[in-house]
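A.B. asks: File name model29.cif; file contents mmCIF, C-alpha atoms; full text below.
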data_my_file
#
loop_
_atom_site.label_atom_id
_atom_site.label_comp_id
_atom_site.auth_asym_id
_atom_site.auth_seq_id
_atom_site.Cartn_x
_atom_site.Cartn_y
_atom_site.Cartn_z
CA MET A 1 72.75 68.75 -14.75
CA ARG A 2 70.76 71.47 -13.09
CA GLU A 3 67.77 72.21 -10.92
CA ARG A 4 65.33 74.46 -12.74
CA PHE A 5 62.87 76.97 -11.37
CA SER A 6 59.34 76.73 -12.66
CA ASP A 7 59.18 79.48 -15.28
CA SER A 8 60.95 79.43 -18.64
CA GLU A 9 63.00 82.58 -18.07
CA SER A 10 64.22 81.68 -14.61
CA PHE A 11 67.79 81.12 -13.49
CA SER A 12 69.13 77.62 -13.01
CA ARG A 13 71.36 76.02 -10.45
CA ILE A 14 74.36 74.60 -12.21
CA ARG A 15 76.10 71.45 -11.05
CA PRO A 16 79.58 72.35 -9.74
CA LYS A 17 82.60 71.59 -11.90
CA GLY A 18 83.76 68.01 -11.56
CA ALA A 19 80.29 66.54 -11.94
CA SER A 20 79.50 64.53 -15.05
CA ARG A 21 79.17 66.62 -18.17
CA ARG A 22 78.35 63.84 -20.59
CA GLY A 23 75.95 65.04 -23.21
CA ARG A 24 77.19 68.65 -23.34
CA ARG A 25 76.27 70.01 -26.72
CA ALA A 26 79.54 70.94 -28.37
CA GLU A 27 77.72 71.91 -31.55
CA ARG A 28 76.68 75.15 -29.88
CA PHE A 29 80.16 76.41 -30.71
CA ASP A 30 80.23 77.43 -34.35
CA ASP A 31 83.94 76.76 -34.80
CA PHE A 32 84.12 73.47 -32.90
CA GLU A 33 85.03 70.36 -34.88
CA PRO A 34 84.16 67.13 -33.03
CA GLU A 35 86.89 64.55 -32.67
CA LEU A 36 86.89 61.78 -35.22
CA SER A 37 86.32 58.95 -32.78
CA HIS A 38 84.45 58.29 -29.57
CA GLY A 39 86.36 55.17 -28.61
CA ALA A 40 89.74 53.60 -29.13
CA PHE A 41 89.76 54.24 -32.89
CA ALA A 42 87.76 55.95 -35.57
CA PRO A 43 85.27 53.68 -37.38
CA ASP A 44 85.62 52.73 -41.01
CA ARG A 45 82.14 53.09 -42.48
CA SER A 46 82.98 51.28 -45.68
CA GLY A 47 81.09 48.18 -44.55
CA SER A 48 84.15 45.93 -44.40
CA GLY A 49 84.34 43.15 -41.85
CA THR A 50 84.33 39.43 -41.30
CA PRO A 51 82.21 37.10 -39.14
CA ASP A 52 85.14 36.89 -36.74
CA HIS A 53 85.85 40.60 -36.84
CA PRO A 54 82.62 42.61 -36.77
CA GLU A 55 82.34 45.71 -38.87
CA VAL A 56 84.18 48.51 -37.22
CA GLY A 57 81.53 50.92 -38.32
CA GLU A 58 78.93 48.94 -36.38
CA TYR A 59 80.77 48.58 -33.09
CA GLY A 60 84.01 50.56 -33.21
CA GLU A 61 82.63 53.93 -32.22
CA TYR A 62 80.95 52.34 -29.21
CA ALA A 63 84.01 50.42 -28.06
CA GLU A 64 84.18 52.28 -24.77
CA TYR A 65 80.55 51.68 -23.87
CA GLY A 66 79.04 48.70 -22.01
CA GLU A 67 78.50 45.49 -23.89
CA TYR A 68 80.61 46.58 -26.86
CA ALA A 69 83.74 47.19 -24.77
CA GLU A 70 85.11 43.82 -25.89
CA TYR A 71 85.45 45.12 -29.44
CA ALA A 72 88.09 47.63 -28.41
CA GLU A 73 90.63 44.86 -29.04
CA TYR A 74 89.96 45.21 -32.75
CA ALA A 75 91.71 48.58 -32.87
CA ASP A 76 94.38 46.95 -35.06
CA HIS A 77 91.81 45.57 -37.48
CA PRO A 78 92.69 46.44 -41.11
CA GLY A 79 89.41 48.33 -41.45
CA ALA A 80 90.16 50.68 -38.56
CA VAL A 81 91.46 54.19 -39.07
CA PRO A 82 93.62 55.44 -36.18
CA ALA A 83 92.26 58.53 -34.50
CA PRO A 84 94.51 61.54 -35.01
CA ALA A 85 96.49 62.81 -32.04
CA THR A 86 95.48 66.25 -30.86
CA ASP A 87 96.83 68.83 -28.47
CA GLY A 88 93.54 70.70 -28.38
CA PRO A 89 90.94 70.98 -25.61
CA ALA A 90 88.84 68.01 -24.59
CA GLU A 91 85.68 67.30 -26.52
CA GLY A 92 83.00 69.83 -25.63
CA ASP A 93 85.54 72.53 -24.74
CA ARG A 94 87.16 75.21 -26.87
CA TRP A 95 90.18 77.45 -26.82
CA SER A 96 89.62 80.84 -25.25
CA THR A 97 88.06 83.28 -27.73
CA TRP A 98 89.88 86.26 -26.19
CA ASP A 99 92.08 86.81 -29.26
CA ARG A 100 89.05 86.71 -31.57
CA SER A 101 87.73 90.00 -30.22
CA THR A 102 89.14 93.34 -31.32
CA PRO A 103 90.14 95.93 -28.69
CA THR A 104 86.75 97.64 -29.06
CA GLU A 105 85.06 94.27 -28.54
CA LYS A 106 86.68 93.79 -25.12
CA GLY A 107 85.59 95.21 -21.78
CA PRO A 108 86.72 98.60 -20.48
CA GLU A 109 90.01 99.06 -18.68
CA PRO A 110 91.18 98.73 -16.01
CA ARG A 111 89.87 95.18 -16.15
CA PRO A 112 89.03 93.29 -12.94
CA ALA A 113 91.79 90.92 -11.80
CA TRP A 114 89.54 87.88 -12.33
CA VAL A 115 89.39 88.36 -16.12
CA VAL A 116 91.46 85.60 -17.79
CA THR A 117 93.21 86.91 -20.92
CA GLU A 118 95.84 84.19 -21.43
CA LEU A 119 95.62 82.64 -24.90
CA ALA A 120 96.41 79.19 -23.45
CA ALA A 121 93.09 79.27 -21.58
CA VAL A 122 90.29 76.83 -22.35
CA ASP A 123 86.56 77.58 -22.24
CA THR A 124 84.45 74.83 -20.69
CA GLU A 125 80.67 75.00 -20.87
CA LEU A 126 79.03 73.87 -17.62
CA GLY A 127 75.32 74.23 -18.32
CA ILE A 128 72.49 76.64 -18.96
CA VAL A 129 71.73 79.43 -16.52
CA LYS A 130 68.72 81.14 -18.06
CA THR A 131 66.49 80.91 -21.11
CA GLY A 132 64.78 83.92 -22.63
CA LYS A 133 62.85 85.07 -25.67
CA GLU A 134 65.81 86.56 -27.50
CA ALA A 135 68.84 84.85 -25.96
CA ASP A 136 70.01 82.09 -23.65
CA VAL A 137 72.63 82.42 -20.91
CA PHE A 138 75.16 79.66 -20.27
CA LEU A 139 77.69 79.11 -17.49
CA LEU A 140 81.23 79.08 -18.83
CA GLU A 141 84.52 78.42 -17.06
CA ARG A 142 87.64 79.95 -18.59
CA GLY A 143 90.83 78.55 -17.13
CA VAL A 144 94.49 77.96 -17.89
CA PRO A 145 95.21 74.21 -17.68
CA GLY A 146 97.69 73.20 -15.01
CA THR A 147 97.23 76.40 -13.01
CA GLY A 148 94.74 77.81 -10.55
CA ARG A 149 93.98 80.62 -12.99
CA ARG A 150 90.29 80.25 -13.80
CA THR A 151 87.02 82.13 -13.59
CA LEU A 152 83.30 81.62 -14.16
CA MET A 153 81.50 83.76 -16.71
CA ALA A 154 78.00 84.11 -18.10
CA ALA A 155 77.85 83.55 -21.87
CA LYS A 156 74.80 85.27 -23.32
CA ARG A 157 74.06 83.98 -26.82
CA TYR A 158 71.50 85.69 -28.97
CA ARG A 159 69.52 83.31 -31.12
CA ASP A 160 69.62 83.30 -34.90
CA ALA A 161 66.97 85.24 -36.78
CA GLN A 162 64.68 82.24 -37.16
CA HIS A 163 64.45 81.60 -33.41
CA ARG A 164 64.37 85.12 -31.98
CA MET A 165 61.20 86.69 -30.67
CA PHE A 166 62.06 90.37 -30.54
CA HIS A 167 58.81 91.56 -29.03
CA ARG A 168 60.49 94.73 -27.79
CA ASP A 169 61.63 96.22 -31.11
CA SER A 170 58.83 98.72 -31.57
CA GLY A 171 59.40 101.85 -29.55
CA TYR A 172 62.87 101.01 -28.28
CA LEU A 173 64.46 101.70 -31.65
CA GLU A 174 62.98 105.17 -31.92
CA GLY A 175 65.86 107.65 -31.73
CA ARG A 176 68.42 105.03 -32.81
CA GLN A 177 70.07 105.45 -36.18
CA HIS A 178 72.29 103.13 -38.17
CA LYS A 179 75.35 104.66 -39.80
CA GLU A 180 73.98 103.58 -43.19
CA SER A 181 70.75 105.36 -44.09
CA ARG A 182 69.48 102.48 -46.25
CA ILE A 183 69.67 100.16 -43.25
CA SER A 184 67.88 102.70 -41.06
CA ARG A 185 65.10 102.93 -43.65
CA ALA A 186 64.82 99.15 -43.87
CA MET A 187 64.63 98.91 -40.07
CA ALA A 188 61.91 101.57 -39.96
CA LYS A 189 59.86 99.77 -42.61
CA ARG A 190 60.41 96.35 -40.97
CA THR A 191 61.37 94.74 -44.27
CA ALA A 192 62.92 91.26 -44.16
CA PHE A 193 66.33 92.84 -44.48
CA GLY A 194 65.42 95.39 -41.84
CA LYS A 195 64.36 92.70 -39.38
CA GLU A 196 67.70 90.95 -39.89
CA ALA A 197 69.48 94.23 -39.21
CA ILE A 198 67.41 94.79 -36.04
CA ALA A 199 68.19 91.28 -34.78
CA GLY A 200 71.89 91.80 -35.43
CA GLN A 201 71.96 94.98 -33.37
CA TRP A 202 70.89 93.52 -30.04
CA ALA A 203 74.11 91.81 -28.95
CA ALA A 204 76.25 94.77 -29.98
CA ALA A 205 73.81 97.18 -28.33
CA GLU A 206 73.90 95.28 -25.06
CA PHE A 207 77.68 94.99 -25.00
CA THR A 208 78.10 98.70 -25.75
CA ALA A 209 75.57 99.59 -23.06
CA LEU A 210 77.27 97.35 -20.47
CA CYS A 211 80.65 98.94 -21.21
CA ARG A 212 79.23 102.44 -20.90
CA LEU A 213 77.24 101.75 -17.75
CA TRP A 214 80.00 99.82 -15.97
CA SER A 215 82.46 102.62 -16.71
CA VAL A 216 80.29 105.25 -15.00
CA GLY A 217 79.53 103.09 -11.96
CA VAL A 218 76.11 101.61 -12.71
CA ALA A 219 75.65 98.22 -11.01
CA VAL A 220 75.81 95.93 -14.06
CA PRO A 221 77.91 92.81 -14.77
CA TYR A 222 81.38 93.54 -16.11
CA PRO A 223 81.38 92.88 -19.90
CA VAL A 224 84.41 90.73 -20.76
CA GLN A 225 84.13 90.52 -24.55
CA ILE A 226 81.82 90.04 -27.51
CA THR A 227 82.31 87.70 -30.47
CA GLY A 228 79.50 87.78 -33.00
CA THR A 229 76.29 87.33 -31.06
CA GLU A 230 77.91 85.92 -27.90
CA ILE A 231 78.60 88.23 -24.96
CA LEU A 232 80.84 86.98 -22.16
CA MET A 233 80.29 88.83 -18.91
CA GLU A 234 80.73 88.61 -15.17
CA PHE A 235 78.85 85.69 -13.63
CA VAL A 236 76.77 86.97 -10.74
CA GLY A 237 76.62 84.04 -8.35
CA ASP A 238 78.78 81.86 -6.13
CA ALA A 239 81.91 79.88 -6.90
CA SER A 240 79.96 76.63 -7.24
CA GLY A 241 78.05 78.00 -10.23
CA THR A 242 74.74 78.82 -8.51
CA ALA A 243 73.36 81.99 -10.06
CA ALA A 244 72.22 84.84 -7.83
CA PRO A 245 68.44 85.03 -7.41
CA ARG A 246 66.41 87.68 -9.12
CA LEU A 247 64.90 90.39 -6.96
CA ALA A 248 61.46 88.88 -7.58
CA GLN A 249 62.63 85.60 -6.02
CA LEU A 250 63.96 87.04 -2.78
CA ARG A 251 62.15 86.02 0.37
CA ALA A 252 61.10 88.82 2.70
CA GLU A 253 63.61 87.79 5.36
CA GLU A 254 66.46 87.91 2.81
CA ALA A 255 65.78 91.44 1.63
CA ASP A 256 67.08 94.65 3.19
CA VAL A 257 64.45 96.73 1.41
CA ASP A 258 65.83 100.15 2.32
CA ASP A 259 69.41 99.30 1.32
CA LEU A 260 68.36 97.70 -1.97
CA TRP A 261 66.17 100.71 -2.79
CA ASP A 262 69.12 103.03 -2.14
CA GLN A 263 71.37 100.92 -4.41
CA LEU A 264 68.74 100.96 -7.14
CA GLY A 265 68.31 104.72 -6.85
CA ARG A 266 72.06 105.31 -7.23
CA SER A 267 72.27 103.24 -10.41
CA LEU A 268 69.16 104.75 -11.96
CA SER A 269 70.47 108.21 -11.11
CA LEU A 270 73.72 107.50 -12.96
CA LEU A 271 71.68 106.29 -15.92
CA ALA A 272 69.49 109.38 -15.92
CA ARG A 273 72.44 111.77 -15.70
CA GLY A 274 73.79 110.17 -18.85
CA GLY A 275 70.42 110.66 -20.53
CA TYR A 276 69.33 107.03 -20.42
CA ALA A 277 66.70 104.72 -18.99
CA HIS A 278 66.85 100.92 -18.77
CA GLY A 279 63.66 100.63 -20.80
CA ASP A 280 62.44 97.29 -19.49
CA LEU A 281 63.24 97.32 -15.78
CA SER A 282 61.40 95.10 -13.35
CA ALA A 283 62.08 92.83 -10.38
CA TYR A 284 62.81 90.07 -12.91
CA ASN A 285 65.95 91.59 -14.43
CA ILE A 286 67.64 92.65 -11.23
CA LEU A 287 69.88 90.17 -9.40
CA VAL A 288 70.81 90.27 -5.71
CA HIS A 289 74.02 88.53 -4.67
CA GLU A 290 75.08 88.75 -1.03
CA GLY A 291 73.28 92.05 -0.64
CA ARG A 292 74.64 93.51 -3.88
CA LEU A 293 72.05 94.64 -6.42
CA VAL A 294 72.96 94.08 -10.11
CA ILE A 295 70.92 95.24 -13.11
CA ILE A 296 70.91 92.92 -16.14
CA ASP A 297 69.37 92.71 -19.64
CA VAL A 298 70.17 96.13 -21.06
CA PRO A 299 70.10 95.76 -24.89
CA GLN A 300 67.06 98.03 -25.15
CA ILE A 301 68.58 100.93 -23.19
CA VAL A 302 66.65 104.07 -24.13
CA ASP A 303 68.02 107.52 -24.94
CA VAL A 304 65.38 109.50 -23.04
CA VAL A 305 66.16 112.71 -24.94
CA ALA A 306 66.23 111.37 -28.50
CA ASN A 307 63.36 108.94 -27.99
CA PRO A 308 59.99 110.75 -27.99
CA ARG A 309 58.72 108.24 -25.43
CA GLY A 310 61.80 108.58 -23.24
CA ARG A 311 59.99 110.09 -20.27
CA SER A 312 57.38 107.33 -20.22
CA PHE A 313 60.07 104.63 -20.36
CA LEU A 314 61.90 106.21 -17.42
CA GLU A 315 58.76 106.47 -15.31
CA ARG A 316 57.62 102.95 -16.18
CA ASP A 317 61.00 101.53 -15.11
CA VAL A 318 60.72 103.09 -11.66
CA ARG A 319 57.06 102.21 -11.09
CA ASN A 320 57.48 98.61 -12.31
CA VAL A 321 60.30 97.78 -9.93
CA GLY A 322 58.93 100.12 -7.26
CA ALA A 323 55.83 97.92 -6.97
CA TRP A 324 58.01 95.12 -5.59
CA PHE A 325 59.47 97.43 -2.94
CA VAL A 326 56.08 98.92 -1.99
CA GLY A 327 54.77 95.38 -1.52
CA ARG A 328 57.51 94.86 1.06
CA GLY A 329 57.00 97.99 3.08
CA LEU A 330 58.54 100.88 1.13
CA PRO A 331 56.36 104.03 1.37
CA GLU A 332 54.74 104.57 -2.03
CA ARG A 333 55.61 108.27 -2.02
CA GLN A 334 59.29 107.32 -2.38
CA VAL A 335 58.54 105.80 -5.77
CA GLY A 336 57.03 109.06 -7.02
CA GLU A 337 59.91 111.03 -5.52
CA LEU A 338 62.46 108.90 -7.37
CA VAL A 339 60.60 109.44 -10.66
CA GLU A 340 60.74 113.21 -10.19
CA THR A 341 64.42 113.12 -9.24
CA LEU A 342 65.36 111.07 -12.30
CA GLU A 343 63.34 113.30 -14.66
CA PHE A 344 65.24 116.30 -13.28
CA GLU A 345 68.63 114.58 -13.58
CA ALA A 346 67.82 113.54 -17.16
CA ARG A 347 66.87 117.19 -17.90
CA LEU A 348 63.29 116.21 -18.72
CA ALA A 349 61.69 118.32 -16.01
#
Please lay out the structure from this file as structure tokens.

C.D. replies:
Amino acid sequence: MRERFSDSESFSRIRPKGASRRGRRAERFDDFEPELSHGAFAPDRSGSGTPDHPEVGEYGEYAEYGEYAEYAEYADHPGAVPAPATDGPAEGDRWSTWDRSTPTEKGPEPRPAWVVTELAAVDTELGIVKTGKEADVFLLERGVPGTGRRTLMAAKRYRDAQHRMFHRDSGYLEGRQHKESRISRAMAKRTAFGKEAIAGQWAAAEFTALCRLWSVGVAVPYPVQITGTEILMEFVGDASGTAAPRLAQLRAEEADVDDLWDQLGRSLSLLARGGYAHGDLSAYNILVHEGRLVIIDVPQIVDVVANPRGRSFLERDVRNVGAWFVGRGLPERQVGELVETLEFEARLA
């Protein structure tokens, strides 16, 4: 299905659409109901059957596969239950979730022309792009059947509370308040309820941050919509489904260091002017696609004024990613100069 890089949080190369997708895990969609049958008819599991007519429950559901194909002729057997007709998407797909998001749960306007909003569209999962500690990113195609109207998106799905590893909670949540004081207190005390509340905030926090940052011109993926803990956003990569490499993966001959540094400085400047820092920036959460730099993973965005550690987060962001640039020829003084500029623009100096 895909070629994986060596580390667990790396991006994957997805097989282009049209390749075999057998084995896609439809159960990842909470509202998906699998079709009743796999083969020509749905099996009767009552145990009925005769020596001449094998139990449908034993062979019927495998009628389309290999050595059991001959049993497809028993579709008219009294023990068989006809599979219901359906006008829905193929198994493993789902209807577009566009109408399940409220206006505030959809990306900012004006929306890019590639965003598919038609309710007749179908979402087809094509594979996994990236795995992480808190969430996994999948490649999703949303298209209107029978037309050329389709687009690729990244579907970021935050894991349930039992499988999350929110190692970044402490410190990032300083300065954040929930509208209900009891929840804020529970979050501060890290009670069981508080941990659930913290986990539930990450998807909403990232979507809100993406909307805000995209609207002011920061180089982030366009956020299409959020439903529960799934964020659909712009897929940064090529039309075949190959994700753009992270900055850390760029070879020296592929990198225009000066231009990328300028792009980074412009985005960080826009962040600072709004009073924010990324909070966890490094060469591993910056993508580069055809010379375009894109910042990703922003759920922990830090209010540098409200957060008592805001200045240190801002400086750490610049020095972390700056190390990659210095290693490829950027004068180190430019890193310090950018820190000073951002502190001034964030009104910290």

A.B. asks: Quick one: apply the PyMOL selection byres ((chain A and resi 282) around 9) to the file and drop the selected residues here as an NGL selection string.

C.D. replies: :A and (247-248 or 280-281 or 283-286 or 317-324)

A.B. asks: Smallest atom-to-atom distance to Leu126 of chain A: which of A:Cys211, A:Thr242, A:Val218, A:Ala203, using all atoms listed in the file?

C.D. replies: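 Smallest separation from Leu126 of chain A among the options: A:Thr242.
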
A.B. asks: I need the residue set behind the PyMOL selection byres ((chain A and resi 116) around 7) for this file; please write it as number ranges by chain.

C.D. replies: A: 114-115, 117-118, 142, 150

A.B. asks: Just the number, please: distance in Å from atom CA of Phe344 of chain A to atom CA of Leu264 of chain A, one decimal.

C.D. replies: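 Computing the Euclidean distance for atom CA of Phe344 of chain A and atom CA of Leu264 of chain A yields 16.9 Å.
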
A.B. asks: Report, in Å with one decimal, the straight-line distance from atom CA of Leu348 of chain A to atom CA of Gly274 of chain A.

C.D. replies: 12.1 Å

A.B. asks: Under the rule that all atoms listed in the file are counted, which of A:Gly241, A:Gly132, A:Gly217, A:Gly336 is the nearest residue to Leu314 of chain A?

C.D. replies: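 Distance minimum relative to Leu314 of chain A lands on A:Gly336.
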
A.B. asks: One decimal, Å: what's the distance from atom CA of Ser267 of chain A over to atom CA of Gln249 of chain A, could you say?

C.D. replies: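 These atoms are spaced 20.6 Å apart.
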
A.B. asks: What does the PyMOL selection byres ((chain A and resi 265) around 12) select in this file, as a PyMOL selection string?

C.D. replies: chain A and resi 218-219+258-264+266-272+293+295+317-318+321-322+334-335+337-342+345

A.B. asks: Keeping only C-alpha atoms, write the selected residues to a file as a CSV table (one decimal), keeping the file's coordinate frame.

C.D. replies:
chain,number,residue,atom,x,y,z
A,218,VAL,CA,76.1,101.6,-12.7
A,219,ALA,CA,75.6,98.2,-11.0
A,258,ASP,CA,65.8,100.2,2.3
A,259,ASP,CA,69.4,99.3,1.3
A,260,LEU,CA,68.4,97.7,-2.0
A,261,TRP,CA,66.2,100.7,-2.8
A,262,ASP,CA,69.1,103.0,-2.1
A,263,GLN,CA,71.4,100.9,-4.4
A,264,LEU,CA,68.7,101.0,-7.1
A,266,ARG,CA,72.1,105.3,-7.2
A,267,SER,CA,72.3,103.2,-10.4
A,268,LEU,CA,69.2,104.8,-12.0
A,269,SER,CA,70.5,108.2,-11.1
A,270,LEU,CA,73.7,107.5,-13.0
A,271,LEU,CA,71.7,106.3,-15.9
A,272,ALA,CA,69.5,109.4,-15.9
A,293,LEU,CA,72.0,94.6,-6.4
A,295,ILE,CA,70.9,95.2,-13.1
A,317,ASP,CA,61.0,101.5,-15.1
A,318,VAL,CA,60.7,103.1,-11.7
A,321,VAL,CA,60.3,97.8,-9.9
A,322,GLY,CA,58.9,100.1,-7.3
A,334,GLN,CA,59.3,107.3,-2.4
A,335,VAL,CA,58.5,105.8,-5.8
A,337,GLU,CA,59.9,111.0,-5.5
A,338,LEU,CA,62.5,108.9,-7.4
A,339,VAL,CA,60.6,109.4,-10.7
A,340,GLU,CA,60.7,113.2,-10.2
A,341,THR,CA,64.4,113.1,-9.2
A,342,LEU,CA,65.4,111.1,-12.3
A,345,GLU,CA,68.6,114.6,-13.6

A.B. asks: Near Pro245 of chain A, within 8 Å and counting all atoms listed in the file, which residues show up once chain neighbours fewer than 3 positions away are dropped, as a PyMOL selection string?

C.D. replies: chain A and resi 11+248-250+287-289

A.B. asks: Would you output that residue set with C-alpha atoms, as a PDB file, in the frame of the given file?

C.D. replies:
ATOM      1  CA  PHE A  11      67.790  81.120 -13.490  1.00  0.00           C
ATOM      2  CA  ALA A 248      61.460  88.880  -7.580  1.00  0.00           C
ATOM      3  CA  GLN A 249      62.630  85.600  -6.020  1.00  0.00           C
ATOM      4  CA  LEU A 250      63.960  87.040  -2.780  1.00  0.00           C
ATOM      5  CA  LEU A 287      69.880  90.170  -9.400  1.00  0.00           C
ATOM      6  CA  VAL A 288      70.810  90.270  -5.710  1.00  0.00           C
ATOM      7  CA  HIS A 289      74.020  88.530  -4.670  1.00  0.00           C
TER       8      HIS A 289
END

A.B. asks: Check the smallest atom-to-atom distance from each of A:Ala209, A:Glu134, A:Thr227, A:Arg149 to Glu105 of chain A using all atoms listed in the file, then report the winner.

C.D. replies: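 So, comparing all the options, the nearest one is A:Thr227.
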
A.B. asks: What are the centre and the three edge lengths of an axis-aligned box that wraps all atoms of segment 269-285 of chain A in the file, given that 5 Å is added to every side, written as JSON and rounded to one decimal in Å?

C.D. replies:
{"center_x": 67.6, "center_y": 100.9, "center_z": -15.6, "size_x": 22.4, "size_y": 31.7, "size_z": 20.4}

A.B. asks: For Ala135 of chain A, which residue among A:Pro89, A:Ala243, A:Glu109, A:Pro299 is the nearest when counting only C-alpha atoms?

C.D. replies: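 Distance minimum relative to Ala135 of chain A lands on A:Pro299.
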
A.B. asks: Please provide the set of residues having any atom within 8 Å of Glu234 of chain A, restricted to all atoms listed in the file, with same-chain residues fewer than 4 positions apart removed, written as a PyMOL selection string.

C.D. replies: chain A and resi 152-154+221-224

A.B. asks: May I ask which of the residues A:Glu254, A:Arg246, A:Ile226, A:Gly237 is the closest one to Thr102 of chain A, counting only C-alpha atoms?

C.D. replies: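 Of A:Glu254, A:Arg246, A:Ile226, A:Gly237, the one nearest Thr102 of chain A, counting only C-alpha atoms, is A:Ile226.
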
A.B. asks: From the set A:Thr151, A:Thr208, A:Thr131, A:Thr104, which residue has the shortest atom-to-atom contact distance to Ile301 of chain A, counting only C-alpha atoms?

C.D. replies: A:Thr208

A.B. asks: Excluding Asp93 of chain A and residues on its chain fewer than 6 positions from it, collect all residues at most 7 Å away from it, counting only C-alpha atoms, and give them as a list of chain:residue names.

C.D. replies: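 After dropping sequence-adjacent residues, the list is A:Val122, A:Asp123, A:Thr124, A:Glu125.
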
A.B. asks: Please return segment 116-128 of chain A, rebuilt to N, CA, C and O atoms, as a PDB file, keeping the file's coordinate frame.

C.D. replies:
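Generated output (out.pdb):
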ATOM      1  N   VAL A 116      90.390  86.446 -17.271  1.00  0.00           N
ATOM      2  CA  VAL A 116      91.460  85.600 -17.790  1.00  0.00           C
ATOM      3  C   VAL A 116      91.706  85.956 -19.248  1.00  0.00           C
ATOM      4  O   VAL A 116      90.826  85.769 -20.096  1.00  0.00           O
ATOM      5  N   THR A 117      92.887  86.483 -19.556  1.00  0.00           N
ATOM      6  CA  THR A 117      93.210  86.910 -20.920  1.00  0.00           C
ATOM      7  C   THR A 117      94.265  86.035 -21.583  1.00  0.00           C
ATOM      8  O   THR A 117      94.597  86.243 -22.745  1.00  0.00           O
ATOM      9  N   GLU A 118      94.806  85.055 -20.862  1.00  0.00           N
ATOM     10  CA  GLU A 118      95.840  84.190 -21.430  1.00  0.00           C
ATOM     11  C   GLU A 118      95.298  83.401 -22.625  1.00  0.00           C
ATOM     12  O   GLU A 118      94.195  82.828 -22.557  1.00  0.00           O
ATOM     13  N   LEU A 119      96.069  83.344 -23.708  1.00  0.00           N
ATOM     14  CA  LEU A 119      95.620  82.640 -24.900  1.00  0.00           C
ATOM     15  C   LEU A 119      95.655  81.127 -24.732  1.00  0.00           C
ATOM     16  O   LEU A 119      95.054  80.401 -25.516  1.00  0.00           O
ATOM     17  N   ALA A 120      96.367  80.634 -23.713  1.00  0.00           N
ATOM     18  CA  ALA A 120      96.410  79.190 -23.450  1.00  0.00           C
ATOM     19  C   ALA A 120      95.177  78.719 -22.693  1.00  0.00           C
ATOM     20  O   ALA A 120      95.028  77.529 -22.431  1.00  0.00           O
ATOM     21  N   ALA A 121      94.282  79.636 -22.356  1.00  0.00           N
ATOM     22  CA  ALA A 121      93.090  79.270 -21.580  1.00  0.00           C
ATOM     23  C   ALA A 121      92.112  78.458 -22.413  1.00  0.00           C
ATOM     24  O   ALA A 121      92.076  78.550 -23.641  1.00  0.00           O
ATOM     25  N   VAL A 122      91.312  77.673 -21.720  1.00  0.00           N
ATOM     26  CA  VAL A 122      90.290  76.830 -22.350  1.00  0.00           C
ATOM     27  C   VAL A 122      88.933  77.216 -21.773  1.00  0.00           C
ATOM     28  O   VAL A 122      88.792  77.446 -20.573  1.00  0.00           O
ATOM     29  N   ASP A 123      87.932  77.298 -22.651  1.00  0.00           N
ATOM     30  CA  ASP A 123      86.560  77.580 -22.240  1.00  0.00           C
ATOM     31  C   ASP A 123      85.797  76.268 -22.104  1.00  0.00           C
ATOM     32  O   ASP A 123      85.746  75.481 -23.054  1.00  0.00           O
ATOM     33  N   THR A 124      85.221  76.038 -20.944  1.00  0.00           N
ATOM     34  CA  THR A 124      84.450  74.830 -20.690  1.00  0.00           C
ATOM     35  C   THR A 124      83.013  75.205 -20.350  1.00  0.00           C
ATOM     36  O   THR A 124      82.770  75.964 -19.414  1.00  0.00           O
ATOM     37  N   GLU A 125      82.076  74.706 -21.120  1.00  0.00           N
ATOM     38  CA  GLU A 125      80.670  75.000 -20.870  1.00  0.00           C
ATOM     39  C   GLU A 125      80.137  74.079 -19.786  1.00  0.00           C
ATOM     40  O   GLU A 125      80.281  72.860 -19.869  1.00  0.00           O
ATOM     41  N   LEU A 126      79.485  74.650 -18.773  1.00  0.00           N
ATOM     42  CA  LEU A 126      79.030  73.870 -17.620  1.00  0.00           C
ATOM     43  C   LEU A 126      77.522  73.704 -17.533  1.00  0.00           C
ATOM     44  O   LEU A 126      77.040  72.956 -16.695  1.00  0.00           O
ATOM     45  N   GLY A 127      76.772  74.391 -18.362  1.00  0.00           N
ATOM     46  CA  GLY A 127      75.320  74.230 -18.320  1.00  0.00           C
ATOM     47  C   GLY A 127      74.614  75.516 -18.661  1.00  0.00           C
ATOM     48  O   GLY A 127      75.230  76.535 -18.948  1.00  0.00           O
ATOM     49  N   ILE A 128      73.300  75.469 -18.621  1.00  0.00           N
ATOM     50  CA  ILE A 128      72.490  76.640 -18.960  1.00  0.00           C
ATOM     51  C   ILE A 128      72.042  77.326 -17.673  1.00  0.00           C
ATOM     52  O   ILE A 128      71.692  76.679 -16.689  1.00  0.00           O
TER      53      ILE A 128
END
